[in-house]
Structures are given as structure tokens and as C-alpha cells.
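Student: Quick one: structure below, then a few questions.
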Number of protein chains: 2
Amino acid sequence: APRREVLFFPSPVTCTAALLGEPGPAPCLCPLPHGDSPLARLLRRLLSARRSLELCLFAFSSPQLGRAVQLLHRRGVRLPVLADCSPHFAGIQVRHDQESGYMHHKFAIVDKKMLITGSLNWTTQAIQNNRENVLIVEDAEYVEPFLAEFERIWEEYNPA
Amino acid sequence: APRREVLFFPSPVTCTAALLGEPGPAPCLCPLPHGDSPLARLLRRLLSARRSLELCLFAFSSPQLGRAVQLLHRRGVRLPVLADCSPHFAGIQVRHDQESGYMHHKFAIVDKKMLITGSLNWTTQAIQNNRENVLIVEDAEYVEPFLAEFERIWEEYNPA
Ligand SMILES: [Zn+2]
Ligand SMILES: [Zn+2]
């Protein structure tokens, strides 16, 4: 059956070091809670990517989500990124908006079969303070139009 | 089968007078195109409400969407509105944010069985200029958590 899940934010601040494969003692000794959280669930879905992760994001500045992207890149996952505003990641191609309107999407597609989309911009402010939603979707009726939208924008933002 | 549909914006500007039941000649003689558009489809989904329309919106200033809400109110549809920023509608109760973070959702629930959610703020800027997405969803796995989130925020923003 297709996975159908909703995450609501704000997320409590929890330790994500183990999820992100960061070196250190196990179990972690930091003072943060080490349980589940909406952010931890979002990270786990993203980190499940084995082949590709399309990212199409209005704003991308969360350090944890950035570390997840870098970890996936090191694992060899193909990572095309469309973002109006994002950090630089060594070795990852980021294409930017060249239009008048905003590229206001906030979605990711894992292995071309799981769509992650909602109201959440990938910023610490949004994750920790705002009321936000994220849907995890595997139904092809949603995944395929979003893949096509990604390809359209990717071509349109081709700097060549 | 549950309806599963995705709308992408920006939307071309089309005439919505007939959809919104505005008086005038039929067919309409205005210079705008009178065909389909993402905005027209969104309006049609909202205007299908017969009993209730929950609205949970970060920003709500689109005149056409405002007229749809007023039309539904005149038809007797129950219309609780949560919005950080919205116009005043005679006879419609709007509850506002009293928190530090943003209430950044952008969703509507038609007759407690159809969820309409995505990246789109209900503003003319977003509708006409931005790249945005809206999902139309009838699967209970999504509709029910959003209804519960609405009820949580509605109670939390109770001014009494
Ligand atoms: Zn820790
Ligand atoms: Zn017209």
C-alpha cells in the first residue's frame, strides 16, 4: 500500500546526530532529547533515498536538512536542486530562479516514487517556530505531475 | 475512487464572473479569456462545498477567492476561518494568530472530506506570478489529520 503520512510543525528540537551519521559516542551524550520528532521523521524519509532526490525549494537554510543532503551526496545519490535561496554544496548543482515571480514550491521527490511536499520552507525558523504541514505521498497521481513540474523548471532554469 | 488532482500555478488570468455567479450578460462580454485555468479549477473545488469549508490560511487577499467565500456564506455553508492576514467578511468568524511563530498553513477542507493544500498563499501575486502547487486530496489518511490540526488551532486561537 502507498505510504500516506502527514507531519505537522513546529517540531521540538531533538538531537539528529545519529540520524545524520555524525561521529560521537553512542548513545549520544548531548543535552537534547533523542526521541522522535517531525523533523526526525522528515530527515528519515529524505535519507531513505538510494538513487535520486529532486529538491525544489523556495528557501533552504536549515543546517540539519543541509547535512542530510551532503550525506546523500556522499552516498552517491543523484541530487538536482532547484532553489531560490540555498547554500552552496560542493559537487551539487543548484539552479536558481531567473524569473519575475517566486519559485515558491517546497517539495522533494525520493527515488522518483515518494513525494514530500507542503507549506514548510527548509529553514530553522519554519521548522522550530511555525505551524506548518508536510505530506508524504506515494500515489502516482501526485508523484508524476510533481516530477514533470521539476523537469519543466529544471530545463527552464538551464543557465546554458 | 478518491479524487487525486494537482494544480500548478502561476495561473493565466481568466474571467471567473460566471463561476462566482456575478450578474451580467451570458455569455460574458468582458475581454478576458473564458476557458479553464488553475484558479478556475481551485474555485470550482471550493464552490462545491455544501455544508462546511474550513479555511486555514497564512495570507488571504485574492479578490476572487474572497468572493467565493462570500458566495458560500450566502448559500449557508459553515465557514470557520483561521488566517494570519485576511479581509473582514461580514458574518464570518475569522480567528487570528496569537503566537510568536507564523501560522503558515495554506489549506481548506470541503465538507470534511476534501483537502485542498499546497504552497499557494491566497493572494493575487502568488496566483498570477509564482510557481506554486495545490493538491486536491480525498484520502482519509490526509484529510483527518488536517481536520484535527484545524480543530486544535481553532481552539487555541479562541479569543474567549
Ligand atoms: Zn545527541
Ligand atoms: Zn468575462
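Ordered as shown in the C-alpha cells, chains take letters A, B, and onward, while each chain numbers its residues from 1 and ligands are numbered from 1 in the order shown.
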Once you count only C-alpha atoms and all ligand atoms, which residues end up within 6 Å of ligand 1, and could you hand them over as a PDB file with N, CA and C atoms, in the first residue's frame?

Tutor:
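So result19.pdb came out as:
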```pdb
ATOM      1  N   CYS A  15      17.836  15.852  19.036  1.00  0.00           N
ATOM      2  CA  CYS A  15      19.167  15.553  18.508  1.00  0.00           C
ATOM      3  C   CYS A  15      19.019  14.709  17.244  1.00  0.00           C
ATOM      4  N   ALA A  17      21.952  13.853  15.494  1.00  0.00           N
ATOM      5  CA  ALA A  17      23.327  13.437  15.177  1.00  0.00           C
ATOM      6  C   ALA A  17      23.383  11.990  14.682  1.00  0.00           C
ATOM      7  N   CYS A  28      24.339   8.979  22.220  1.00  0.00           N
ATOM      8  CA  CYS A  28      24.813  10.365  22.251  1.00  0.00           C
ATOM      9  C   CYS A  28      24.643  10.949  23.654  1.00  0.00           C
ATOM     10  N   LEU A  29      25.615  11.760  24.058  1.00  0.00           N
ATOM     11  CA  LEU A  29      25.587  12.341  25.410  1.00  0.00           C
ATOM     12  C   LEU A  29      25.134  13.805  25.425  1.00  0.00           C
ATOM     13  N   CYS A  30      24.711  14.339  24.283  1.00  0.00           N
ATOM     14  CA  CYS A  30      24.324  15.761  24.245  1.00  0.00           C
ATOM     15  C   CYS A  30      23.048  15.981  25.040  1.00  0.00           C
ATOM     16  N   LEU A  32      20.238  17.407  24.312  1.00  0.00           N
ATOM     17  CA  LEU A  32      18.930  17.451  23.624  1.00  0.00           C
ATOM     18  C   LEU A  32      18.171  16.136  23.810  1.00  0.00           C
TER      19      LEU A  32
END
```

Student: Quick one: contact table of chain B to chain A, 7 Å max, nearest atom pair and distance in Å to one decimal per residue, counting only C-alpha atoms, chain and number order, as a tab-separated table?

Tutor:
```
residue	atom	partner	partner_atom	distance
B:Arg4	CA	A:Glu141	CA	6.2
B:Glu5	CA	A:Glu141	CA	6.9
B:Val6	CA	A:Tyr142	CA	6.5
B:Gly101	CA	A:Asn130	CA	4.5
B:Tyr102	CA	A:Asn130	CA	4.7
B:Met103	CA	A:Arg131	CA	4.8
B:His104	CA	A:Glu132	CA	5.6
B:His105	CA	A:Glu132	CA	5.4
B:Lys106	CA	A:Ser119	CA	6.9
B:Gly118	CA	A:Gly118	CA	5.3
B:Ser119	CA	A:Ser119	CA	5.2
B:Asn129	CA	A:Gly101	CA	4.6
B:Asn130	CA	A:Gly101	CA	4.6
B:Arg131	CA	A:Met103	CA	4.8
B:Glu132	CA	A:His105	CA	5.4
B:Asn133	CA	A:His105	CA	6.6
B:Glu141	CA	A:Arg4	CA	6.1
B:Tyr142	CA	A:Val6	CA	6.5
```

Student: Pairing the C-alpha atoms in order and superposing chain B on chain A, what is the resulting RMSD?

Tutor: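 RMSD over all C-alpha atoms: 0.0 Å.
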
Student: Using only C-alpha atoms and all ligand atoms, determine which residues fall within 12 Å of ligand 2, then list them as a count of residues only.

Tutor: 23

Student: Residues within 8 Å of Lys113 of chain B, please, as a ChimeraX atom specification. Count only C-alpha atoms; anything in the same chain fewer than 2 positions from it doesn't count.

Tutor: /B:109-111,115,138,140,143

Student: If you run DSSP on the backbone, which residues of chain A are alpha helix (DSSP H), as a PyMOL selection string?

Tutor: chain A and resi 38-47+63-74+124-129+140-156

Student: Dump C-alpha atoms for the selected residues as a PDB file, in the first residue's frame?

Tutor:
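Below is the file that was written, again_18.pdb:
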```
ATOM      1  CA  PRO A  38       8.518  15.758  12.933  1.00  0.00           C
ATOM      2  CA  LEU A  39      11.991  16.924  11.846  1.00  0.00           C
ATOM      3  CA  ALA A  40      13.476  13.493  12.593  1.00  0.00           C
ATOM      4  CA  ARG A  41      10.726  11.838  10.543  1.00  0.00           C
ATOM      5  CA  LEU A  42      11.294  14.225   7.640  1.00  0.00           C
ATOM      6  CA  LEU A  43      15.041  13.508   7.785  1.00  0.00           C
ATOM      7  CA  ARG A  44      14.428   9.743   7.819  1.00  0.00           C
ATOM      8  CA  ARG A  45      12.220   9.950   4.712  1.00  0.00           C
ATOM      9  CA  LEU A  46      14.835  12.007   2.872  1.00  0.00           C
ATOM     10  CA  LEU A  47      17.684   9.758   3.982  1.00  0.00           C
ATOM     11  CA  PRO A  63      21.685  23.099   8.860  1.00  0.00           C
ATOM     12  CA  GLN A  64      20.205  19.643   9.577  1.00  0.00           C
ATOM     13  CA  LEU A  65      18.494  19.381   6.199  1.00  0.00           C
ATOM     14  CA  GLY A  66      21.701  20.633   4.575  1.00  0.00           C
ATOM     15  CA  ARG A  67      23.708  17.911   6.322  1.00  0.00           C
ATOM     16  CA  ALA A  68      21.201  15.303   5.125  1.00  0.00           C
ATOM     17  CA  VAL A  69      21.726  16.484   1.546  1.00  0.00           C
ATOM     18  CA  GLN A  70      25.513  16.331   1.924  1.00  0.00           C
ATOM     19  CA  LEU A  71      25.276  12.826   3.416  1.00  0.00           C
ATOM     20  CA  LEU A  72      23.139  11.625   0.495  1.00  0.00           C
ATOM     21  CA  HIS A  73      25.594  13.217  -1.947  1.00  0.00           C
ATOM     22  CA  ARG A  74      28.475  11.290  -0.328  1.00  0.00           C
ATOM     23  CA  THR A 124      15.174  26.593  11.165  1.00  0.00           C
ATOM     24  CA  GLN A 125      12.623  29.388  11.759  1.00  0.00           C
ATOM     25  CA  ALA A 126       9.905  27.415   9.981  1.00  0.00           C
ATOM     26  CA  ILE A 127      10.842  24.050  11.491  1.00  0.00           C
ATOM     27  CA  GLN A 128      11.031  25.264  15.080  1.00  0.00           C
ATOM     28  CA  ASN A 129       8.514  28.124  15.253  1.00  0.00           C
ATOM     29  CA  ALA A 140       1.421   8.142  -8.660  1.00  0.00           C
ATOM     30  CA  GLU A 141      -1.411  10.643  -9.325  1.00  0.00           C
ATOM     31  CA  TYR A 142       0.606  13.130  -7.241  1.00  0.00           C
ATOM     32  CA  VAL A 143       4.208  11.994  -7.712  1.00  0.00           C
ATOM     33  CA  GLU A 144       4.160  12.069 -11.515  1.00  0.00           C
ATOM     34  CA  PRO A 145       2.852  15.623 -12.006  1.00  0.00           C
ATOM     35  CA  PHE A 146       5.425  16.886  -9.490  1.00  0.00           C
ATOM     36  CA  LEU A 147       8.233  15.048 -11.316  1.00  0.00           C
ATOM     37  CA  ALA A 148       7.065  16.638 -14.569  1.00  0.00           C
ATOM     38  CA  GLU A 149       6.941  20.068 -12.908  1.00  0.00           C
ATOM     39  CA  PHE A 150      10.506  19.532 -11.644  1.00  0.00           C
ATOM     40  CA  GLU A 151      11.729  18.618 -15.129  1.00  0.00           C
ATOM     41  CA  ARG A 152       9.982  21.665 -16.658  1.00  0.00           C
ATOM     42  CA  ILE A 153      11.586  24.077 -14.192  1.00  0.00           C
ATOM     43  CA  TRP A 154      14.991  22.337 -14.390  1.00  0.00           C
ATOM     44  CA  GLU A 155      15.041  22.856 -18.162  1.00  0.00           C
ATOM     45  CA  GLU A 156      13.722  26.383 -17.913  1.00  0.00           C
TER      46      GLU A 156
END
```

Student: So, counting only C-alpha atoms, which residue among A:Leu82, A:Ala160, A:Ala59, A:Ala108 is closest to Thr123 of chain A?

Tutor: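 Nearest to Thr123 of chain A: A:Ala59.
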
Student: I need the strand (DSSP E) residues of segment 34-157 of chain A per DSSP on the backbone, written as a PyMOL selection string.

Tutor: chain A and resi 53-59+81-85+94-95+106-110+114-118+132-137

Student: For the selection just defined, write its residues with N, CA, C and O atoms to a file, as a compact mmCIF listing (two decimals), in the first residue's frame.

Tutor:
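Dumped everything to selection_2.txt:
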```
# COMPACT_ATOMS: atom_id res chain seq x y z
N LEU A 53 17.29 12.25 -5.44
CA LEU A 53 16.46 13.14 -4.62
C LEU A 53 16.36 14.47 -5.35
O LEU A 53 17.33 15.24 -5.39
N GLU A 54 15.20 14.72 -5.97
CA GLU A 54 14.95 16.03 -6.56
C GLU A 54 14.51 16.98 -5.44
O GLU A 54 13.61 16.64 -4.67
N LEU A 55 15.12 18.16 -5.40
CA LEU A 55 14.72 19.17 -4.42
C LEU A 55 14.28 20.42 -5.15
O LEU A 55 14.99 20.91 -6.03
N CYS A 56 13.14 20.95 -4.77
CA CYS A 56 12.59 22.15 -5.40
C CYS A 56 12.07 23.02 -4.26
O CYS A 56 10.98 22.80 -3.74
N LEU A 57 12.89 24.00 -3.86
CA LEU A 57 12.70 24.68 -2.59
C LEU A 57 12.82 26.18 -2.73
O LEU A 57 13.80 26.68 -3.28
N PHE A 58 11.85 26.87 -2.19
CA PHE A 58 11.90 28.33 -2.15
C PHE A 58 13.07 28.79 -1.27
O PHE A 58 13.87 29.63 -1.68
N ALA A 59 13.18 28.24 -0.08
CA ALA A 59 14.23 28.65 0.85
C ALA A 59 14.83 27.40 1.50
O ALA A 59 14.09 26.50 1.90
N VAL A 81 19.09 20.16 -7.54
CA VAL A 81 18.46 21.10 -6.62
C VAL A 81 17.99 22.33 -7.37
O VAL A 81 18.78 22.97 -8.07
N LEU A 82 16.73 22.67 -7.21
CA LEU A 82 16.18 23.96 -7.65
C LEU A 82 15.86 24.74 -6.40
O LEU A 82 15.12 24.25 -5.54
N ALA A 83 16.41 25.95 -6.27
CA ALA A 83 16.15 26.72 -5.07
C ALA A 83 16.31 28.20 -5.35
O ALA A 83 17.26 28.60 -6.03
N ASP A 84 15.37 29.00 -4.85
CA ASP A 84 15.53 30.45 -4.96
C ASP A 84 16.67 30.90 -4.09
O ASP A 84 17.36 31.86 -4.39
N CYS A 85 16.85 30.22 -2.97
CA CYS A 85 17.81 30.67 -1.96
C CYS A 85 18.32 29.43 -1.24
O CYS A 85 17.57 28.76 -0.55
N VAL A 94 23.06 23.41 -8.20
CA VAL A 94 21.86 24.12 -7.77
C VAL A 94 21.48 25.11 -8.87
O VAL A 94 22.31 25.92 -9.28
N ARG A 95 20.26 25.02 -9.37
CA ARG A 95 19.79 26.00 -10.35
C ARG A 95 18.84 26.98 -9.67
O ARG A 95 18.01 26.58 -8.86
N LYS A 106 7.90 23.84 -2.29
CA LYS A 106 8.69 23.28 -1.19
C LYS A 106 8.52 21.78 -1.28
O LYS A 106 7.82 21.18 -0.48
N PHE A 107 9.14 21.16 -2.31
CA PHE A 107 8.94 19.72 -2.41
C PHE A 107 10.24 18.97 -2.70
O PHE A 107 11.21 19.54 -3.18
N ALA A 108 10.21 17.68 -2.37
CA ALA A 108 11.32 16.77 -2.63
C ALA A 108 10.71 15.49 -3.19
O ALA A 108 9.58 15.13 -2.84
N ILE A 109 11.45 14.81 -4.06
CA ILE A 109 10.99 13.53 -4.60
C ILE A 109 12.09 12.50 -4.41
O ILE A 109 13.20 12.66 -4.91
N VAL A 110 11.78 11.47 -3.63
CA VAL A 110 12.74 10.42 -3.27
C VAL A 110 12.62 9.27 -4.25
O VAL A 110 11.54 8.68 -4.39
N MET A 114 8.50 8.79 -4.08
CA MET A 114 7.89 9.36 -2.87
C MET A 114 7.99 10.88 -2.92
O MET A 114 9.08 11.43 -3.01
N LEU A 115 6.83 11.52 -2.87
CA LEU A 115 6.75 12.98 -2.87
C LEU A 115 6.65 13.48 -1.43
O LEU A 115 5.89 12.93 -0.63
N ILE A 116 7.43 14.51 -1.12
CA ILE A 116 7.41 15.15 0.20
C ILE A 116 7.11 16.62 -0.07
O ILE A 116 7.94 17.32 -0.65
N THR A 117 5.92 17.10 0.31
CA THR A 117 5.54 18.47 -0.06
C THR A 117 4.61 19.06 0.97
O THR A 117 3.97 18.34 1.73
N GLY A 118 4.56 20.38 1.03
CA GLY A 118 3.70 21.04 2.00
C GLY A 118 3.96 22.52 2.06
O GLY A 118 4.36 23.13 1.06
N GLU A 132 3.16 24.41 10.38
CA GLU A 132 3.44 24.02 9.00
C GLU A 132 2.98 22.58 8.81
O GLU A 132 2.82 21.83 9.78
N ASN A 133 2.80 22.21 7.55
CA ASN A 133 2.47 20.81 7.23
C ASN A 133 3.39 20.28 6.16
O ASN A 133 3.90 21.02 5.32
N VAL A 134 3.62 18.96 6.23
CA VAL A 134 4.36 18.24 5.18
C VAL A 134 3.61 16.93 4.93
O VAL A 134 3.31 16.19 5.88
N LEU A 135 3.31 16.66 3.66
CA LEU A 135 2.68 15.39 3.29
C LEU A 135 3.73 14.46 2.70
O LEU A 135 4.57 14.90 1.90
N ILE A 136 3.67 13.20 3.10
CA ILE A 136 4.47 12.13 2.49
C ILE A 136 3.51 11.33 1.62
O ILE A 136 2.50 10.83 2.12
N VAL A 137 3.82 11.24 0.33
CA VAL A 137 2.85 10.75 -0.65
C VAL A 137 3.52 9.78 -1.61
O VAL A 137 4.57 10.10 -2.17
```
